[in-house]
Amino acid sequence: AATWLDPQHIIVSDGVPIDNLAERFTFDGATISRTQTITNVEGLYPQMRWSPDGRFLLTYVPENEFLSKIALRYGRDGIIRDGHTGAAVGRIRGPIVQAFWLPAGTLVNRATAASESALLISRKSGETLLFDPITRQRVATITGHAEAINVASVYTPTQQLATADRSGVLQIWDLQQGRPQVLQGLALTLSEQLPLQELVWNRDGTRLLAAGSKVTLWNTQNGQAIWTIADLRYDATHVAFSPTEAYVAVTVNQALFVLGADNGQPLWQQLDAHTDPIVGVRWLTGAPWPNQLADDWFSRFLARLNGTYRTLQQDRLLLLTWSGDGTARLWDWQTKSEVARFADVGSLTVAHFDPTETYLLTAGQQKTLRIWQSWHKDPTALLAAAQSRLTRELTNEQLRRFALPTPTATP
């Protein structure tokens, strides 16, 4: 796992057995420098989880049959460590099957009104507990799951926590009220005992996307399904709302789909978006290419006819996908085409833009961090950079194609 703390700082955890590492890096716009390493703190096979702000690091040996002897030797408890020194500052009683750091805003300090993150842990029995990482005190108990949860997502403005267990049961917990709300009809049938893969809230907390053997958009106010897509050949692994929430992106194995958010109807599909299963998807906005703003009456006429003229004058919608095939790809929703590819070596597990969306961080099983400069926010700069590296002048046709200025004749 790897993520940006801010445009200059990155935190990384390496889940490869035996030589586990948790590290910090700095990035100055040109080079990456390692500034901290916490090594193999809990023996063999620990899970290492950074808190979203990098303040804490949780390490634990997950509860399962294969790791039972290791857990007995090194202990079943989770250890909360200081994210800067690596020193143990607290202990969470084990055994633990799964642990999640929830973002700032999950908890609100009653005394200071400060917004805090939270630590959610789940046991094999389904017992699920929410902890304050600062006090290490349990602040809530999540009931109603008979198995360990495998996915969780919080809507911070109203402190609603959605959890799903390995049998597919989905709940919404009101952290302010301290009582659970169970959505109707969310338990999967016996023939579909596959865990949900992802839960995603919309901006106002009234809708929740659930992806697994089906993709369902739930109304969280009345517990009813708005639509369901059930005829999937493989599990839907990732889902995302577009910035305006007009569209929903869905990944199924190697394929990318875009659905209408109001009815779930397919609007576009790219069956061979990658050559290996897609492991993540995200919507972005980017500036239009100069040639998309070509100032001729016929282009404007066609754009108004097909309803894209307003879009052309503003930001364009993009999709970022990354995959086990070692590539992260940018797709232009307007033209339905791939517009950029970041090719790495080995399977990718992470692809994240920095907060400014200027640089893309990729990492994966090859244990190498790479940072790529992306031009989707300023494509004219890319054209200028590319033009400066050409060994010949562009033809007038090429200049026209990319809406670059053409030279004027001199007398």
# chains A, B, ... in the order shown; residues from 1 in each chain; ligands from 1
call {"tool": "residues_around", "arguments": {"residues": "Asp77 in chain A", "least_positions_apart": "6", "cutoff": "9 Å", "atoms": "only C-alpha atoms", "output": "ChimeraX atom specification"}}
result
/A:59-61,71,91-96
call {"tool": "write_last_selection", "arguments": {"atoms": "N, CA and C atoms", "output": "tab-separated table (two decimals), in the first residue's frame"}}
result
chain	number	residue	atom	x	y	z
A	59	THR	N	0.08	-2.77	13.58
A	59	THR	CA	0.63	-4.04	13.12
A	59	THR	C	-0.09	-5.16	13.85
A	60	TYR	N	-0.39	-6.23	13.12
A	60	TYR	CA	-1.05	-7.39	13.73
A	60	TYR	C	-0.86	-8.60	12.83
A	61	VAL	N	-0.95	-9.80	13.44
A	61	VAL	CA	-0.95	-11.04	12.68
A	61	VAL	C	-2.40	-11.47	12.52
A	71	ALA	N	0.87	-16.58	15.11
A	71	ALA	CA	0.18	-15.66	16.00
A	71	ALA	C	0.39	-16.06	17.46
A	91	ARG	N	-2.11	-1.03	22.63
A	91	ARG	CA	-2.36	-2.42	22.26
A	91	ARG	C	-3.86	-2.63	22.13
A	92	ILE	N	-4.28	-3.32	21.06
A	92	ILE	CA	-5.67	-3.70	20.85
A	92	ILE	C	-5.75	-5.21	21.01
A	93	ARG	N	-6.60	-5.67	21.92
A	93	ARG	CA	-6.69	-7.11	22.19
A	93	ARG	C	-7.10	-7.89	20.95
A	94	GLY	N	-6.36	-8.97	20.68
A	94	GLY	CA	-6.67	-9.83	19.55
A	94	GLY	C	-7.53	-11.00	19.99
A	95	PRO	N	-7.77	-11.96	19.10
A	95	PRO	CA	-7.28	-11.99	17.71
A	95	PRO	C	-8.06	-11.04	16.80
A	96	ILE	N	-7.42	-10.65	15.69
A	96	ILE	CA	-8.00	-9.74	14.71
A	96	ILE	C	-7.97	-10.40	13.34
call {"tool": "residues_around", "arguments": {"residues": "Gln8 in chain A", "least_positions_apart": "6", "cutoff": "7 Å", "atoms": "only C-alpha atoms", "output": "list in words"}}
result
Thr26, Phe27 and Asp28 of chain A
call {"tool": "residues_around", "arguments": {"residues": "Thr3 in chain A", "least_positions_apart": "2", "cutoff": "9 Å", "atoms": "only C-alpha atoms", "output": "MDAnalysis selection string"}}
result
chainID A and resid 1 5 9:12 52 350:354 361
call {"tool": "write_last_selection", "arguments": {"atoms": "C-alpha atoms", "output": "short mmCIF file (atom, residue, chain, number, x, y, z; two decimals), in the first residue's frame"}}
result
data_model
loop_
_atom_site.label_atom_id
_atom_site.label_comp_id
_atom_site.auth_asym_id
_atom_site.auth_seq_id
_atom_site.Cartn_x
_atom_site.Cartn_y
_atom_site.Cartn_z
CA ALA A 1 0.00 0.00 0.00
CA LEU A 5 -0.03 12.56 2.79
CA HIS A 9 5.16 13.27 1.54
CA ILE A 10 4.31 9.60 0.89
CA ILE A 11 3.71 6.69 3.28
CA VAL A 12 4.21 3.07 2.21
CA PRO A 52 -4.73 8.19 7.01
CA VAL A 350 -1.58 1.28 -6.21
CA ALA A 351 -2.10 4.28 -8.49
CA HIS A 352 -2.83 7.57 -6.75
CA PHE A 353 -2.58 11.18 -7.86
CA ASP A 354 -1.11 13.72 -5.46
CA LEU A 361 2.26 7.50 -7.78
#
call {"tool": "residues_around", "arguments": {"residues": "range 260-274 of chain A", "least_positions_apart": "3", "cutoff": "8 Å", "atoms": "only C-alpha atoms", "output": "mmCIF file with N, CA, C and O atoms, in the first residue's frame"}}
result
data_model
loop_
_atom_site.group_PDB
_atom_site.id
_atom_site.type_symbol
_atom_site.label_atom_id
_atom_site.label_comp_id
_atom_site.auth_asym_id
_atom_site.auth_seq_id
_atom_site.Cartn_x
_atom_site.Cartn_y
_atom_site.Cartn_z
ATOM 1 N N ILE A 226 -32.312 1.045 -5.483
ATOM 2 C CA ILE A 226 -32.733 1.885 -6.607
ATOM 3 C C ILE A 226 -32.572 1.117 -7.906
ATOM 4 O O ILE A 226 -33.453 1.136 -8.758
ATOM 5 N N TRP A 227 -31.466 0.423 -8.061
ATOM 6 C CA TRP A 227 -31.262 -0.483 -9.184
ATOM 7 C C TRP A 227 -30.198 -1.510 -8.834
ATOM 8 O O TRP A 227 -29.378 -1.299 -7.933
ATOM 9 N N THR A 228 -30.229 -2.627 -9.553
ATOM 10 C CA THR A 228 -29.264 -3.699 -9.354
ATOM 11 C C THR A 228 -28.846 -4.251 -10.707
ATOM 12 O O THR A 228 -29.681 -4.475 -11.585
ATOM 13 N N ILE A 229 -27.553 -4.452 -10.887
ATOM 14 C CA ILE A 229 -27.012 -5.129 -12.063
ATOM 15 C C ILE A 229 -26.535 -6.495 -11.590
ATOM 16 O O ILE A 229 -25.584 -6.602 -10.807
ATOM 17 N N PHE A 241 -18.494 6.958 -8.215
ATOM 18 C CA PHE A 241 -19.368 8.000 -8.742
ATOM 19 C C PHE A 241 -18.536 9.015 -9.510
ATOM 20 O O PHE A 241 -17.425 9.354 -9.103
ATOM 21 N N GLU A 245 -21.974 12.960 -10.137
ATOM 22 C CA GLU A 245 -22.804 11.814 -9.763
ATOM 23 C C GLU A 245 -23.834 11.465 -10.823
ATOM 24 O O GLU A 245 -24.845 10.826 -10.541
ATOM 25 N N ALA A 246 -23.565 11.874 -12.066
ATOM 26 C CA ALA A 246 -24.440 11.476 -13.170
ATOM 27 C C ALA A 246 -24.106 10.074 -13.670
ATOM 28 O O ALA A 246 -24.960 9.411 -14.261
ATOM 29 N N TYR A 247 -22.870 9.627 -13.426
ATOM 30 C CA TYR A 247 -22.415 8.337 -13.938
ATOM 31 C C TYR A 247 -21.793 7.514 -12.814
ATOM 32 O O TYR A 247 -21.351 8.043 -11.790
ATOM 33 N N VAL A 248 -21.747 6.206 -13.066
ATOM 34 C CA VAL A 248 -21.084 5.269 -12.162
ATOM 35 C C VAL A 248 -20.120 4.429 -12.985
ATOM 36 O O VAL A 248 -20.512 3.853 -14.010
ATOM 37 N N GLN A 254 -11.320 -7.620 -16.368
ATOM 38 C CA GLN A 254 -10.495 -6.738 -17.194
ATOM 39 C C GLN A 254 -11.298 -5.626 -17.864
ATOM 40 O O GLN A 254 -10.743 -4.820 -18.608
ATOM 41 N N ALA A 255 -12.594 -5.574 -17.605
ATOM 42 C CA ALA A 255 -13.487 -4.667 -18.330
ATOM 43 C C ALA A 255 -13.850 -3.440 -17.492
ATOM 44 O O ALA A 255 -13.918 -3.496 -16.261
ATOM 45 N N LEU A 256 -14.112 -2.348 -18.195
ATOM 46 C CA LEU A 256 -14.546 -1.092 -17.595
ATOM 47 C C LEU A 256 -15.910 -0.728 -18.167
ATOM 48 O O LEU A 256 -16.100 -0.734 -19.384
ATOM 49 N N PHE A 257 -16.867 -0.415 -17.280
ATOM 50 C CA PHE A 257 -18.219 -0.033 -17.685
ATOM 51 C C PHE A 257 -18.556 1.325 -17.083
ATOM 52 O O PHE A 257 -18.119 1.652 -15.975
ATOM 53 N N PRO A 277 -6.859 -8.364 -14.529
ATOM 54 C CA PRO A 277 -7.940 -7.741 -13.766
ATOM 55 C C PRO A 277 -7.593 -6.339 -13.279
ATOM 56 O O PRO A 277 -6.469 -6.068 -12.845
ATOM 57 N N ILE A 278 -8.584 -5.456 -13.355
ATOM 58 C CA ILE A 278 -8.436 -4.072 -12.891
ATOM 59 C C ILE A 278 -8.530 -4.057 -11.369
ATOM 60 O O ILE A 278 -9.400 -4.702 -10.785
ATOM 61 N N SER A 323 -4.050 -1.825 -13.022
ATOM 62 C CA SER A 323 -4.290 -3.254 -13.190
ATOM 63 C C SER A 323 -3.052 -4.077 -12.880
ATOM 64 O O SER A 323 -1.923 -3.556 -12.792
ATOM 65 N N ASP A 325 -1.745 -5.852 -14.965
ATOM 66 C CA ASP A 325 -0.910 -5.913 -16.174
ATOM 67 C C ASP A 325 0.240 -4.900 -16.137
ATOM 68 O O ASP A 325 1.009 -4.791 -17.086
ATOM 69 N N THR A 327 -0.002 -1.529 -15.836
ATOM 70 C CA THR A 327 -0.275 -0.217 -16.419
ATOM 71 C C THR A 327 -1.366 0.510 -15.642
ATOM 72 O O THR A 327 -2.279 -0.107 -15.083
ATOM 73 N N LYS A 336 -14.442 8.532 -25.490
ATOM 74 C CA LYS A 336 -14.480 7.074 -25.250
ATOM 75 C C LYS A 336 -13.180 6.426 -25.715
ATOM 76 O O LYS A 336 -13.192 5.385 -26.385
#
call {"tool": "closest_residue", "arguments": {"among": "A:Ala230, A:Leu119, A:Ile371, A:Leu21", "to": "Arg138 in chain A", "atoms": "only C-alpha atoms"}}
result
A:Leu119
